[in-house]
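Participant: This is the structure I want to talk about, given as structure tokens.
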Amino acid sequence: MARTPTSRGAAPKSPSATPSSTQADTYRGNAGELQQQAGGKHPVLTTQQGIPVADNQNSLRSSPRGPGLLEDFILREKITHFDHERIPERIVHARGSAAHGFFELTHSLKRYTTAKVLTEIGVQTPVFTRFSTVAGGAGSVDTPRDVRGFAVKFYTPEGNWDLVGNNIPVFFIQDAMKFPDLVHAVKMEPDRGFPQAASAHDTFWDFVSLMPETMHMVMWQMSDRTIPRSLRTMEGFGIHSFRLLNAAGESTFVKFHWRPKLGIQSTVWDEALKLQAADNDFHRRDLFESIEAGDFPEWELSVQLFTEEDAERFPFDHLDPTKLIPEELVPLQPIGRMVLNRWPDNFFAETEQVAYCPANVPPGIDFSNDPLLQGRLFSYLDTQLSRLGGPNFAQIPINAPKCPFHNMQRDGHMQMQVPKGRVNYEPSSLQSDTPRASQAQGFRHFAQADDGVKGRVRPESFADHYSQARMFFRSQSPLEQAHLASALVFELSKVTTVHVREAVVGHLQHVDADLAQRVANGLGMQALPPAPQTAEPVQDLALSPALRIIDRMKPTLQGRCIGILVADGSNGTSVANLRKALEKVGASVKIVSPKVGGALLKDGTLLPADGQLAGTPSVVFDAVASVLSPDMGAALAKEAAAVDWFRDAFGHLKAIAACKGTRAILAAGGIEPDTGVVDPADAQGFIAAAQTRQWDREPKVRTLA
Ligand code: HDE
């Protein structure tokens, strides 16, 4: 049946379904009419050429029900732009979240460097900091077991300084030559396209088993460092040794460390797994919400300074990026703080297009010969050429220096500048204002003597792959050791090739015989596989308790989030008192209720909820409380979402404030209350318990390797 279209091309209207005048106008999409409806001062929509657009709803057709016309430049421009909206995601560190802020120096390093960012106390240098996971794609989740990137761009008065680090102070490999192999091995397997964002598969562990230099980093990767509670509770490290150069050209080696003001905190593995289902954006949301609340994430920057002579006395080679310098050997000196206080205006323009590069250093900072760093100095610029489409990516606002810059580089894709004048070369005598190199201000490299023999070689000083792995493992608290052993069991249980599992356990024997045995038991191995030959005897290095997490967690509710479960009939005064006490000590509080609209309290008032019970599991909180009437408690004891809420909180070692009405739910979850389960009326008792996890509960809720 032929339909009669409306004169302005909107959907056919039947008399019985005539839209209201407002709906009809919206449907036709006349820009002017929409402007009036919204009552705002909207500018007229235009094409990229500035041509005003009359209709943003309908493409141009030869007749109302006829084909579209090529002549429709408005449609073609819109669709063409849309088709090209995506740029290649980062080959590693694709998923990230970033924020603006500042770095403020508190201690001058003038004796060691000329870099103003490290010498001018009190000056606030703008920064843009991006945190990332490594293995997953841009759309993957925030909370897999993975190393986190920690990249800071300092917009210094002498050009951009990019400190492109991770949340772990060592790396998997010693030489840039192996990076593509490492990344291929850890990413999705090429034939099947899975697993996404996970190292628990054959190719990764095959690579590890054949590259024992990975062993130290693998210990860190299997520790709770790779399941952080929040981006705000992660440490960061520049990893490589860099050099500082002073005015006399003297060099001092430096390692950079970021320490979170809130202290380091991690999740437990089962919680991290469940977070992947509960909230894909858990870390991004947490960073956003803390900045929105004015609760600005902050880190202290510290340095380890040492000379060539100091380095010669270390029982390892500091140029080997699989080694760290224990702070018991070279203490950390705090020099400043970084505060992140502004969320980006636009994710793509800033977070996606930001281009970090470890080669970006101002005069006074220089590189070491670390062979991994040397490879990185090439890779990052190269990768931006394909990611951002050409050599002018430094002109994108997020990448441009905030100090004056001048050079003779010209033209190229997406050139945004309009250089004036005749001279685009140097030297020239035709113009008096063209840029010239400056001996006084210019970047200088350390004049290092080199009398070696050219070749593709690994220095012998890089040969010991196990001593620091052992030091790391043995420095951990017993519970952290158990987490690490259990993580190895989990990961290797996902490896289907038996000889790969065996080879890894073979290496573990050099790290620690007990660890190897525990992992072998956890994998159900009947006998310990043979240990490979080592190139060097394994040393028993001094232990470094500073490498732990659990003992170093700060007992605080600052930055922590507490969920309070309420339902119809809850006592509003109890909820308000608890909330007040928690907020007073710096916690943020969210109300959870069976319905997001809220709960009708005992006194008849409505308490709106921040989250619906079924969609807001307890994994997203640091501790939970509940104020429920006995009737509602009994009713919720039959709801899986409520029972899981408490069972998971208990299993994840969180403090629980459970009122009498809640006891029925705890019983349904098989929870035997311990000292971490208190009454919500005892706010101080709850605060004390919620400042940490109930670590002594762990053996009661799971068997660790
Ligand atoms: Fe990277 N790395 N990397 N990397 N890396 C990239 O650069 C590379 C390494 C790190 O938030 C890429 O812009 C090589 C160590 C971070 O945008 C790429 C080698 C450390 C980020 C690249 C390494 C890092 C990257 C991908 C071995 C810790 C994300 C996209 C020689 C110190 C930065 C891009 C952001 C990103 C190469 C090793 C940290 C391909 C070749 C060691 C935090 O250029």
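Lettering and numbering for the structure tokens are positional, with chains as A, B, ... in the shown order, residues counted from 1 in each chain, and ligands counted from 1 in the shown order.
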For Leu372 (chain A), find every residue with an atom within 6 Å (counting only C-alpha atoms), except residues of its own chain fewer than 2 positions away, and show them as a ChimeraX atom specification.
Facilitator: /A:174-176,370,374-375
Participant: Residues of the last selection are to be written out with N, CA and C atoms, as a PDB file, in the first residue's frame.
Facilitator:
```pdb
ATOM      1  N   GLN A 174      65.219  -7.776  29.315  1.00  0.00           N
ATOM      2  CA  GLN A 174      66.409  -6.937  29.481  1.00  0.00           C
ATOM      3  C   GLN A 174      66.738  -6.136  28.235  1.00  0.00           C
ATOM      4  N   ASP A 175      66.244  -6.576  27.088  1.00  0.00           N
ATOM      5  CA  ASP A 175      66.667  -5.945  25.840  1.00  0.00           C
ATOM      6  C   ASP A 175      65.437  -5.668  24.979  1.00  0.00           C
ATOM      7  N   ALA A 176      65.409  -4.481  24.369  1.00  0.00           N
ATOM      8  CA  ALA A 176      64.264  -4.075  23.548  1.00  0.00           C
ATOM      9  C   ALA A 176      63.962  -5.087  22.448  1.00  0.00           C
ATOM     10  N   ASP A 370      70.780   1.584  29.738  1.00  0.00           N
ATOM     11  CA  ASP A 370      69.848   0.462  29.870  1.00  0.00           C
ATOM     12  C   ASP A 370      69.332   0.092  28.470  1.00  0.00           C
ATOM     13  N   GLN A 374      67.003   2.221  25.817  1.00  0.00           N
ATOM     14  CA  GLN A 374      67.525   2.652  24.517  1.00  0.00           C
ATOM     15  C   GLN A 374      66.540   2.304  23.398  1.00  0.00           C
ATOM     16  N   GLY A 375      65.927   1.125  23.480  1.00  0.00           N
ATOM     17  CA  GLY A 375      64.936   0.732  22.465  1.00  0.00           C
ATOM     18  C   GLY A 375      63.684   1.590  22.568  1.00  0.00           C
TER      19      GLY A 375
END
```
Participant: As a list in words, please: all residues of region 534-615 of chain A that backbone DSSP puts in strand (DSSP E).
Facilitator: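 The strand (DSSP E) subset of region 534-615 of chain A is Cys561, Ile562, Gly563, Ile564, Leu565, Val566, Ser588, Val589, Lys590, Ile591, Val592, Ser593, Ala599, Leu600, Leu606, Leu607, Gly611 and Gln612 of chain A.
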Participant: Write out as number ranges by chain the residues lying within 7 Å of Gln221 (chain A), counting only C-alpha atoms and excluding same-chain residues fewer than 4 positions away.
Facilitator: A: 146-147, 217, 225-226
Participant: With C-alpha atoms retained, export the selected residues as a short mmCIF file (atom, residue, chain, number, x, y, z; two decimals), in the first residue's frame.
Facilitator:
```cif
data_model
loop_
_atom_site.label_atom_id
_atom_site.label_comp_id
_atom_site.auth_asym_id
_atom_site.auth_seq_id
_atom_site.Cartn_x
_atom_site.Cartn_y
_atom_site.Cartn_z
CA ASP A 146 47.98 -6.82 34.89
CA VAL A 147 50.83 -4.37 35.23
CA MET A 217 58.91 -9.38 37.18
CA ARG A 225 50.48 -5.22 42.99
CA THR A 226 48.72 -6.16 39.76
#
```
Participant: If we count only C-alpha atoms and set the cut-off at 12 Å, which residues sit around region 445-454 of chain A, ignoring sequence neighbours fewer than 6 positions away in its own chain? Please answer as a short mmCIF file (atom, residue, chain, number, x, y, z; two decimals) with N, CA and C atoms, in the first residue's frame.
Facilitator:
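Wrote selection_36.cif, looks like this:
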```
data_model
loop_
_atom_site.label_atom_id
_atom_site.label_comp_id
_atom_site.auth_asym_id
_atom_site.auth_seq_id
_atom_site.Cartn_x
_atom_site.Cartn_y
_atom_site.Cartn_z
N THR A 113 71.29 18.70 39.04
CA THR A 113 70.70 18.90 37.71
C THR A 113 70.43 20.37 37.44
N PHE A 242 68.06 6.79 35.08
CA PHE A 242 68.31 7.95 34.22
C PHE A 242 69.52 8.66 34.80
N ARG A 243 69.96 9.71 34.10
CA ARG A 243 71.05 10.53 34.62
C ARG A 243 70.53 11.92 34.91
N LEU A 244 71.07 12.55 35.97
CA LEU A 244 70.89 13.98 36.17
C LEU A 244 72.23 14.63 35.83
N LEU A 245 72.19 15.77 35.16
CA LEU A 245 73.43 16.48 34.81
C LEU A 245 73.39 17.87 35.39
N ASN A 246 74.44 18.23 36.13
CA ASN A 246 74.47 19.58 36.72
C ASN A 246 75.20 20.56 35.79
N ALA A 247 75.33 21.80 36.25
CA ALA A 247 75.90 22.85 35.39
C ALA A 247 77.33 22.52 35.00
N ALA A 248 78.04 21.78 35.86
CA ALA A 248 79.43 21.42 35.54
C ALA A 248 79.49 20.20 34.63
N GLY A 249 78.34 19.68 34.24
CA GLY A 249 78.31 18.51 33.35
C GLY A 249 78.51 17.20 34.10
N GLU A 250 78.46 17.26 35.44
CA GLU A 250 78.66 16.03 36.23
C GLU A 250 77.36 15.22 36.26
N SER A 251 77.52 13.91 36.24
CA SER A 251 76.35 13.04 36.16
C SER A 251 76.11 12.29 37.46
N THR A 252 74.84 12.18 37.84
CA THR A 252 74.43 11.34 38.96
C THR A 252 73.30 10.46 38.44
N PHE A 253 73.34 9.18 38.74
CA PHE A 253 72.23 8.32 38.32
C PHE A 253 71.02 8.57 39.21
N GLU A 308 78.30 6.39 39.73
CA GLU A 308 78.88 5.24 39.02
C GLU A 308 79.62 4.34 40.02
N VAL A 361 62.93 14.65 27.38
CA VAL A 361 63.54 15.06 28.65
C VAL A 361 64.12 16.46 28.48
N PRO A 362 63.99 17.32 29.49
CA PRO A 362 64.57 18.66 29.38
C PRO A 362 66.07 18.62 29.68
N PRO A 363 66.79 19.70 29.34
CA PRO A 363 68.23 19.74 29.65
C PRO A 363 68.43 19.53 31.15
N GLY A 364 69.40 18.68 31.50
CA GLY A 364 69.65 18.38 32.91
C GLY A 364 69.21 16.98 33.28
N ILE A 365 68.43 16.34 32.37
CA ILE A 365 68.07 14.92 32.55
C ILE A 365 68.59 14.19 31.31
N ASP A 366 69.17 13.03 31.50
CA ASP A 366 69.75 12.30 30.37
C ASP A 366 69.49 10.80 30.58
N PHE A 367 69.81 10.03 29.57
CA PHE A 367 69.49 8.60 29.61
C PHE A 367 70.67 7.79 30.13
N SER A 368 70.35 6.59 30.61
CA SER A 368 71.42 5.64 30.90
C SER A 368 71.51 4.67 29.72
N ASN A 369 72.45 3.75 29.81
CA ASN A 369 72.63 2.79 28.71
C ASN A 369 71.73 1.56 28.85
N GLN A 439 74.33 27.09 22.86
CA GLN A 439 75.25 26.30 23.70
C GLN A 439 74.88 26.46 25.17
#
```
Participant: Measuring between only C-alpha atoms and all ligand atoms, which one of A:Ser386, A:Ser593, A:Ser475, A:Ser199 shows the shortest distance to ligand 1?
Facilitator: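 Ranked by minimum distance to ligand 1, first place goes to A:Ser386.
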Participant: Go through A:His216, A:Lys638, A:Lys41, A:His240 one by one, measure the shortest atom-to-atom distance of each to ligand 1 using only C-alpha atoms and all ligand atoms, and give the residue with the smallest value.
Facilitator: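 Distance minimum relative to ligand 1 lands on A:His240.
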